[in-house]
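Here's the structure, in structure tokens; my notes come after.
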Amino acid sequence: MNKEFGDLVQQLRKAKDWTVKDFIGKLGAKISPSYMTKIEIHGEIPKAELICKMADLFGYDPRDLLDKAKEHKVSSFEKSLEEKYQKAVGMHRLEKDKSDARRK
Amino acid sequence: MQEENEVSDSDVLGLARECLQKYRDEMGWISRAEVKIDIMEFYEAVIYPEYEIRLLTNYDLGCCDGQKILGKTIPNEGIILVDKSINQQSKDPRFTFTLGHEIGHAILHAKPNTIYRCTEDSICYGGQNLREYQANLFAANLIMPAKFVRDRYVHHYGDGPFLYSGPGYYDIDQIVYVDSFGRFGWQLARPLTGYFSNISKQSLAYRMSRLGLIINQTAESLFGTTKLSCNGVIS
């Protein structure tokens, strides 16, 4: 799983010496600790508005952070598409083998 | 079992209770009926925000002494790894207990330059190793807390334990024939596993047995002669 966005958020947060709970408090938005874990660890991409808020707090360029999020989302989507394609190919081959075996 | 500078069993139980309370507060549960313990949810809501322990599940952890390593904890680096063969997507009940066990190591046993590599044997049976035993104790009390298990048992079956006296017909919600103590425990655990996320009926039966909710009046083992995952310990 591509977790670069989450890794970057974690890195920026730690550079400020903030705990997860500190960061949630500073964001001022109603974010649960679980959701922050999903962002930093499980590759969840939050809405653009929240990303911009994070960038402001970190003193980071919001465009760069948004680009990172977009890059991550595109890469995850492409990977998921590839996995589905490979699965479909595998199933097609299986069905074809079964059909060939029946004809024999 | 207490060694110098080690945490005590009551410390372990206290920490499990404290973690559960935090989980309950985060989830906003008011009554026991609302509770459904999910180890991944617990990790996301409590463990990572509180301890910043990273969880990695996409690695093959290899083997140790001929046994597959299911979990690994590096407390100094704040990392827990669960083998990819039993990751959350596989819905393997061993994921639940392995993660609970490794969380136990991470927050109880943070000694410098120590890595914990846990196989099915150490996670299930603990053995004579104090830290493995304590990690199991923590996991069992986290995943299947005694009060909650008893509460759900009483809610479903009423007061009083079930007695197993050998193969035969038993009234468990309906009249069923059971041919072993293992099957008896499985039948009793079945309607209650819905209150927990991704645990085996066997592990819940074992827990109920240790809590005195199922009493065995025979010499049969809950697991027969086969070495199966128990994922439960004495509380």
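So you can find residues: chains in the structure tokens are A, B, ... in the order shown, residues in each start at 1, and ligands are numbered from 1 in order.
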
With 9 Å as the cut-off and only C-alpha atoms counted, what is the closest atom pair between each nearby residue of chain B and chain A? Distances in Å to one decimal, ordered by chain and number, as a tab-separated table.
```
residue	atom	partner	partner_atom	distance
B:Glu26	CA	A:Ser32	CA	8.0
B:Glu41	CA	A:Ser34	CA	7.2
B:Phe42	CA	A:Ser34	CA	8.4
B:Tyr43	CA	A:Ser34	CA	8.2
B:Glu44	CA	A:Ser34	CA	4.5
B:Ala45	CA	A:Ser34	CA	4.2
B:Val46	CA	A:Pro33	CA	7.4
B:Tyr48	CA	A:Thr37	CA	6.4
B:Pro49	CA	A:Val20	CA	5.2
B:Glu50	CA	A:Val20	CA	7.5
B:Glu52	CA	A:Val20	CA	7.8
B:Arg54	CA	A:Ile41	CA	7.0
B:Leu55	CA	A:Ile41	CA	7.4
B:Leu56	CA	A:Ile41	CA	8.7
B:Asn58	CA	A:Met1	CA	8.4
```

Convert the current residue selection to file output with N, CA and C atoms, as a short mmCIF file (atom, residue, chain, number, x, y, z; two decimals), in the first residue's frame.
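Written file, out_0.cif:
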```cif
data_model
loop_
_atom_site.label_atom_id
_atom_site.label_comp_id
_atom_site.auth_asym_id
_atom_site.auth_seq_id
_atom_site.Cartn_x
_atom_site.Cartn_y
_atom_site.Cartn_z
N GLU B 26 -13.72 6.42 23.32
CA GLU B 26 -13.56 6.87 21.93
C GLU B 26 -14.76 6.47 21.08
N GLU B 41 -9.95 -1.64 15.06
CA GLU B 41 -10.58 -0.40 15.48
C GLU B 41 -9.92 0.10 16.77
N PHE B 42 -9.65 -0.83 17.66
CA PHE B 42 -9.00 -0.52 18.93
C PHE B 42 -7.61 0.04 18.67
N TYR B 43 -6.88 -0.59 17.76
CA TYR B 43 -5.54 -0.11 17.42
C TYR B 43 -5.61 1.33 16.88
N GLU B 44 -6.59 1.56 15.98
CA GLU B 44 -6.70 2.89 15.36
C GLU B 44 -7.16 3.95 16.36
N ALA B 45 -8.06 3.55 17.26
CA ALA B 45 -8.66 4.54 18.16
C ALA B 45 -7.81 4.82 19.39
N VAL B 46 -7.03 3.83 19.81
CA VAL B 46 -6.32 3.97 21.10
C VAL B 46 -4.81 3.81 20.95
N TYR B 48 -2.49 3.60 18.33
CA TYR B 48 -1.65 4.50 17.54
C TYR B 48 -1.70 5.93 18.09
N PRO B 49 -2.91 6.50 18.36
CA PRO B 49 -2.93 7.87 18.88
C PRO B 49 -2.19 8.03 20.21
N GLU B 50 -2.23 6.98 21.04
CA GLU B 50 -1.63 7.08 22.38
C GLU B 50 -0.14 6.76 22.37
N GLU B 52 1.68 5.75 19.39
CA GLU B 52 2.31 5.93 18.06
C GLU B 52 3.10 4.70 17.64
N ARG B 54 3.51 1.88 15.05
CA ARG B 54 3.13 1.60 13.67
C ARG B 54 2.82 0.12 13.50
N LEU B 55 1.85 -0.15 12.63
CA LEU B 55 1.47 -1.53 12.35
C LEU B 55 1.73 -1.84 10.89
N LEU B 56 2.51 -2.88 10.65
CA LEU B 56 2.82 -3.29 9.28
C LEU B 56 2.31 -4.71 9.08
N ASN B 58 2.20 -6.28 5.68
CA ASN B 58 2.46 -6.80 4.35
C ASN B 58 3.77 -7.56 4.21
#
```

Exercise. Find the residues near B:Gln202: any atom within 8 Å, counting only C-alpha atoms, skip ones fewer than 2 places away on the same chain, and give them as an MDAnalysis selection string.
Key: chainID B and resid 182 185:186 189 200 204:206 229:230

Self-check item: Who sits within 10 Å of B:Ile86, only C-alpha atoms, same chain under 3 positions skipped, as number ranges by chain
Solution: B: 57-58, 70-71, 82-83, 89-96, 98

Keeping only C-alpha atoms, take the residues you just selected and write them out as a PDB file, in the first residue's frame.
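After the write, again-v5.pdb holds the following:
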```
ATOM      1  CA  THR B  57       0.946  -6.229   7.770  1.00  0.00           C
ATOM      2  CA  ASN B  58       2.465  -6.796   4.345  1.00  0.00           C
ATOM      3  CA  LEU B  70       2.963 -14.731  13.113  1.00  0.00           C
ATOM      4  CA  GLY B  71       3.894 -11.531  14.884  1.00  0.00           C
ATOM      5  CA  VAL B  82       1.799  -9.181  11.669  1.00  0.00           C
ATOM      6  CA  ASP B  83       2.589 -11.782   9.027  1.00  0.00           C
ATOM      7  CA  GLN B  89      -8.086  -9.063   4.759  1.00  0.00           C
ATOM      8  CA  SER B  90      -7.756 -12.823   5.217  1.00  0.00           C
ATOM      9  CA  LYS B  91     -10.308 -12.691   8.097  1.00  0.00           C
ATOM     10  CA  ASP B  92      -8.116 -15.175   9.942  1.00  0.00           C
ATOM     11  CA  PRO B  93      -9.054 -15.146  13.653  1.00  0.00           C
ATOM     12  CA  ARG B  94      -5.360 -15.511  14.443  1.00  0.00           C
ATOM     13  CA  PHE B  95      -4.918 -11.916  13.282  1.00  0.00           C
ATOM     14  CA  THR B  96      -7.028 -10.687  16.190  1.00  0.00           C
ATOM     15  CA  THR B  98      -1.707 -11.987  17.302  1.00  0.00           C
TER      16      THR B  98
END
```

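Between A:His72 and the residues A:Ile31, A:Leu50, A:Val9, A:Ile45, the shortest atom-to-atom distance, using only C-alpha atoms, involves A:Ile45.
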
Quiz prompt | DSSP-assigned helix (DSSP H, G or I) among chain A, expressed as a count of residues only | solution = 81

Practice problem: Find, counting only C-alpha atoms, the residue in A:Arg13, A:Lys104, A:Lys26, A:Lys98 that gets nearest to A:Lys53. | Solution: A:Lys26

Practice problem: Determine, counting only C-alpha atoms, which protein, DNA and RNA residues have an atom within 12 Å of an atom of B:Phe148; residues of the same chain fewer than 5 positions away are not included. Present the result as number ranges by chain. | Solution: B: 17, 20, 31-37, 140-143, 153-155, 192-193, 195-196, 204, 207-208, 211

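Excluding stretch 7-14 of chain B itself and any same-chain residue fewer than 3 positions from it, the protein and nucleic acid residues within 10 Å of it, counting only C-alpha atoms, are Met1, Gln2, Glu3, Glu4, Arg17, Glu18, Cys19, Leu20, Gly104, Ile107, Leu108, His109, Leu130, Arg131, Tyr133, Gln134, Ala135, Asn136, Leu137, Phe138, Ala139, Ala140, Asn141, Leu142, Pro145 and Ser235 of chain B.
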
Self-check item: Point-to-point distance from atom CA of A:Pro46 to atom CA of A:Leu12, Å rounded to tenths
Solution: 16.0 Å

Exercise. For atom CA of A:Met91 and atom CA of A:Lys79, quote the distance in Å rounded to one decimal.
Key: 18.4 Å

Exercise. If you run DSSP over the backbone, which residues in stretch 3-231 of chain B end up strand (DSSP E)? Put them as a ChimeraX atom specification.
Key: /B:54-59,63-64,67-74,79-83,116-119,162-164,168-172,174-178,214-216

Save the residues we just selected, C-alpha atoms, as a CSV table (one decimal), in the first residue's frame?
```
chain,number,residue,atom,x,y,z
B,54,ARG,CA,3.1,1.6,13.7
B,55,LEU,CA,1.5,-1.5,12.4
B,56,LEU,CA,2.8,-3.3,9.3
B,57,THR,CA,0.9,-6.2,7.8
B,58,ASN,CA,2.5,-6.8,4.3
B,59,TYR,CA,5.6,-8.7,5.3
B,63,CYS,CA,10.1,-18.9,10.5
B,64,CYS,CA,11.7,-19.6,13.9
B,67,GLN,CA,7.3,-22.6,13.2
B,68,LYS,CA,5.9,-19.7,11.2
B,69,ILE,CA,6.4,-16.3,12.9
B,70,LEU,CA,3.0,-14.7,13.1
B,71,GLY,CA,3.9,-11.5,14.9
B,72,LYS,CA,6.9,-9.4,15.7
B,73,THR,CA,7.4,-6.4,17.9
B,74,ILE,CA,10.3,-4.0,18.0
B,79,ILE,CA,6.7,-1.1,15.3
B,80,ILE,CA,4.4,-4.2,15.3
B,81,LEU,CA,4.4,-6.5,12.3
B,82,VAL,CA,1.8,-9.2,11.7
B,83,ASP,CA,2.6,-11.8,9.0
B,116,TYR,CA,9.8,-10.2,20.2
B,117,ARG,CA,9.2,-12.9,17.5
B,118,CYS,CA,6.0,-14.8,18.2
B,119,THR,CA,5.0,-18.1,16.7
B,162,PHE,CA,-23.2,-25.2,31.6
B,163,LEU,CA,-22.0,-28.7,32.7
B,164,TYR,CA,-20.6,-31.1,30.3
B,168,GLY,CA,-25.2,-36.8,24.7
B,169,TYR,CA,-28.1,-34.5,24.2
B,170,TYR,CA,-27.9,-31.0,25.7
B,171,ASP,CA,-30.3,-28.1,25.8
B,172,ILE,CA,-28.3,-25.2,24.3
B,174,GLN,CA,-32.3,-26.1,21.4
B,175,ILE,CA,-31.7,-29.7,22.0
B,176,VAL,CA,-28.5,-30.8,20.3
B,177,TYR,CA,-26.4,-33.8,20.3
B,178,VAL,CA,-22.7,-33.2,21.1
B,214,ILE,CA,-18.5,-24.0,31.1
B,215,ILE,CA,-17.6,-26.8,33.5
B,216,ASN,CA,-16.1,-30.0,32.2
```
